[in-house]
Amino acid sequence: MLRVRCLRGGSRGAEAAHYISSRLGRAFTGWVQRSSQSTQAATASQNTCAADDNKATSPVPKDCPVCSYNEWDPLEEVIVGRAENACVPPFSVEVKANTYEKYWGFYQKFGGQSFPKDHLKKAIAEIEEMCNILKREGVIVKRPDPIDWSVKYKTPDFESTGMYAAMPRDILLVVGNEIIEAPMAWRARFFEYRAYRRMIKDYFNRGAKWTTAPKPTMADELYDQDYPIHSVEDRHKLAAQGKFVTTEFEPCFDAADFIRAGKDIFVQRSQVTNYMGIEWMRRHLAPDYRVHIISFKDPNPMHIDATFNIIGPGLVLSNPDRPCHQIELFKKAGWTVVRPPVPLIPDDHPLWMSSKWLSMNVLMLDEKRVMVDANETSIQKMFENLGISTIKVNIRHANSLGGGFHCWTCDIRRRGTLQSYFD
């Protein structure tokens, strides 16, 4: 019996099933069709499964260096990314589909070259200070290896230069005592895993599990080469129809499209994560974990943590500009849904790879401490009203590379046990 339900409902679920049918055939389509139930049916089914799993468990050996089940247990060890040698990715179809039109000229001009040197220097200094603050808060900090990302590489299917090792959350997902390397979807990020291999081998030698998801060829067939995006309105229409730049040619996903809440893991189909990738993860994690697809009114879905960021047991930040279509599931389960305030980042600050909503891309050090942007006073006040102390850090220049605190980190160890929060 499947231990997971797709939480898409109504016509959107039907559209997704029809789309997958044309790409994958009946076996996988049957799973999506069975999964496309109403929110009420999904909730009832979920509660039935949860009834058997309502006891807290701790299957990870005590001496294992890797152990993390959610986004809020007390943080003990973390990987923080590097901005050193970061390069602008070549302006390929998948990059175009994930970036804003006003920056397309920037990618066309600088693709394959370094990000602006002065900006990069400031970003590096900000992340170093962030690491120092984490250490002062009692957290062990690990860093990926510096690599020359400007080197051009070629596979039988494509050629590209690299990008960076700035966002470990994009490529690594820790579930229990297992580190899962995501296959990624951008050609510029094909070899990004190399920066983390030294650390992962060390964790493996000390007892952690280590899994690498199937590496896609990233051949032309993985991308809709004629993906018709000319405006935000185009993107809204395409996303509403379940159409993305990535096809179902082979599995692909970024780890940052998944977010954890104990036995329940939530994921979105996005420009970089396809249904085959989600299905691979579902089968890999079953039966101990339940993977749920959720969706948003988002013209350019890519990475879930600036749209839907779970910050505590029964507590989630939900982007008011990108409402969740399945939010009633959380409300009926007794969760508190918090709408973060409008970001304060100025319009003229370059955000080459992200939106202003990095303000909600925070890192929980535990249930009562959060690392938050020093410039975002509105969201600081929101957290204080929730009884959560704020650790203020300025990473404004680092934001320009595409991530906030959650993106720039991957928690390796949090002190806690595996539990179900949807009983």
# chains A, B, ... in the order shown; residues from 1 in each chain; ligands from 1
$ residues_around --residues "A:Asn70" --least-positions-apart "5" --cutoff "9 Å" --atoms "only C-alpha atoms" --output "mmCIF file with N, CA and C atoms, in the first residue's frame"
data_model
loop_
_atom_site.group_PDB
_atom_site.id
_atom_site.type_symbol
_atom_site.label_atom_id
_atom_site.label_comp_id
_atom_site.auth_asym_id
_atom_site.auth_seq_id
_atom_site.Cartn_x
_atom_site.Cartn_y
_atom_site.Cartn_z
ATOM 1 N N VAL A 175 17.647 13.451 5.762
ATOM 2 C CA VAL A 175 16.444 12.825 6.286
ATOM 3 C C VAL A 175 16.898 11.760 7.279
ATOM 4 N N GLY A 176 16.716 12.041 8.571
ATOM 5 C CA GLY A 176 17.222 11.125 9.585
ATOM 6 C C GLY A 176 18.735 11.122 9.564
ATOM 7 N N ILE A 259 10.577 20.173 1.937
ATOM 8 C CA ILE A 259 10.705 20.712 3.281
ATOM 9 C C ILE A 259 10.130 19.705 4.266
ATOM 10 N N ARG A 260 10.795 19.544 5.410
ATOM 11 C CA ARG A 260 10.554 18.407 6.297
ATOM 12 C C ARG A 260 9.750 18.765 7.546
ATOM 13 N N ALA A 261 8.871 17.853 7.928
ATOM 14 C CA ALA A 261 8.145 17.968 9.194
ATOM 15 C C ALA A 261 8.016 16.566 9.779
ATOM 16 N N GLY A 262 9.119 15.989 10.211
ATOM 17 C CA GLY A 262 9.097 14.639 10.764
ATOM 18 C C GLY A 262 8.775 13.604 9.699
ATOM 19 N N LYS A 263 7.759 12.802 9.953
ATOM 20 C CA LYS A 263 7.371 11.744 9.022
ATOM 21 C C LYS A 263 6.761 12.271 7.729
ATOM 22 N N ILE A 265 6.928 14.905 4.578
ATOM 23 C CA ILE A 265 7.807 15.753 3.779
ATOM 24 C C ILE A 265 6.984 16.336 2.644
ATOM 25 N N ILE A 310 8.356 25.894 6.927
ATOM 26 C CA ILE A 310 7.900 25.328 8.197
ATOM 27 C C ILE A 310 8.918 25.669 9.278
ATOM 28 N N ILE A 311 8.494 26.368 10.332
ATOM 29 C CA ILE A 311 9.439 26.900 11.319
ATOM 30 C C ILE A 311 9.247 26.317 12.714
ATOM 31 N N GLY A 312 8.276 25.415 12.873
ATOM 32 C CA GLY A 312 8.072 24.817 14.187
ATOM 33 C C GLY A 312 6.992 23.764 14.119
ATOM 34 N N PRO A 313 6.835 22.973 15.171
ATOM 35 C CA PRO A 313 5.768 21.971 15.180
ATOM 36 C C PRO A 313 4.407 22.650 15.137
ATOM 37 N N ARG A 414 20.419 17.931 14.099
ATOM 38 C CA ARG A 414 19.527 18.616 15.035
ATOM 39 C C ARG A 414 19.172 17.626 16.140
ATOM 40 N N GLY A 416 16.885 15.807 18.223
ATOM 41 C CA GLY A 416 15.461 15.519 18.260
ATOM 42 C C GLY A 416 15.182 14.097 17.792
ATOM 43 N N LEU A 418 12.308 11.355 15.570
ATOM 44 C CA LEU A 418 11.348 11.279 14.489
ATOM 45 C C LEU A 418 9.937 11.193 15.044
#
$ residues_around --residues "A:Asn300" --least-positions-apart "3" --cutoff "10 Å" --atoms "only C-alpha atoms" --output "ChimeraX atom specification"
/A:97-100,232,234-236,238-239,244,270-271,296-297,303
$ closest_residue --among "A:Val272, A:Val370, A:Ile327, A:Ile147" --to "A:Arg82" --atoms "only C-alpha atoms"
A:Ile147
$ closest_atom_pairs --of "stretch 228-300 of chain A" --to "stretch 202-224 of chain A" --cutoff "8 Å" --atoms "only C-alpha atoms" --output "Markdown table"
| residue | atom | partner | partner_atom | distance |
| --- | --- | --- | --- | --- |
| A:Phe244 | CA | A:Asp224 | CA | 7.8 |
| A:Val245 | CA | A:Asp224 | CA | 5.1 |
| A:Thr246 | CA | A:Tyr223 | CA | 4.6 |
| A:Thr247 | CA | A:Leu222 | CA | 5.2 |
| A:Glu248 | CA | A:Leu222 | CA | 6.8 |
| A:Phe249 | CA | A:Leu222 | CA | 5.2 |
| A:Glu250 | CA | A:Pro216 | CA | 6.3 |
| A:Pro251 | CA | A:Pro216 | CA | 6.5 |
| A:Cys252 | CA | A:Pro216 | CA | 6.4 |
$ select_by_dssp --residues "stretch 282-357 of chain A" --states "strand (DSSP E)" --output "list in words"
Arg290, Val291, His292, Ile293, Phe308, Asn309, Ile310, Ile311, Gly312, Leu315, Val316, Leu317, Ser318, Thr336, Val337 and Val338 of chain A
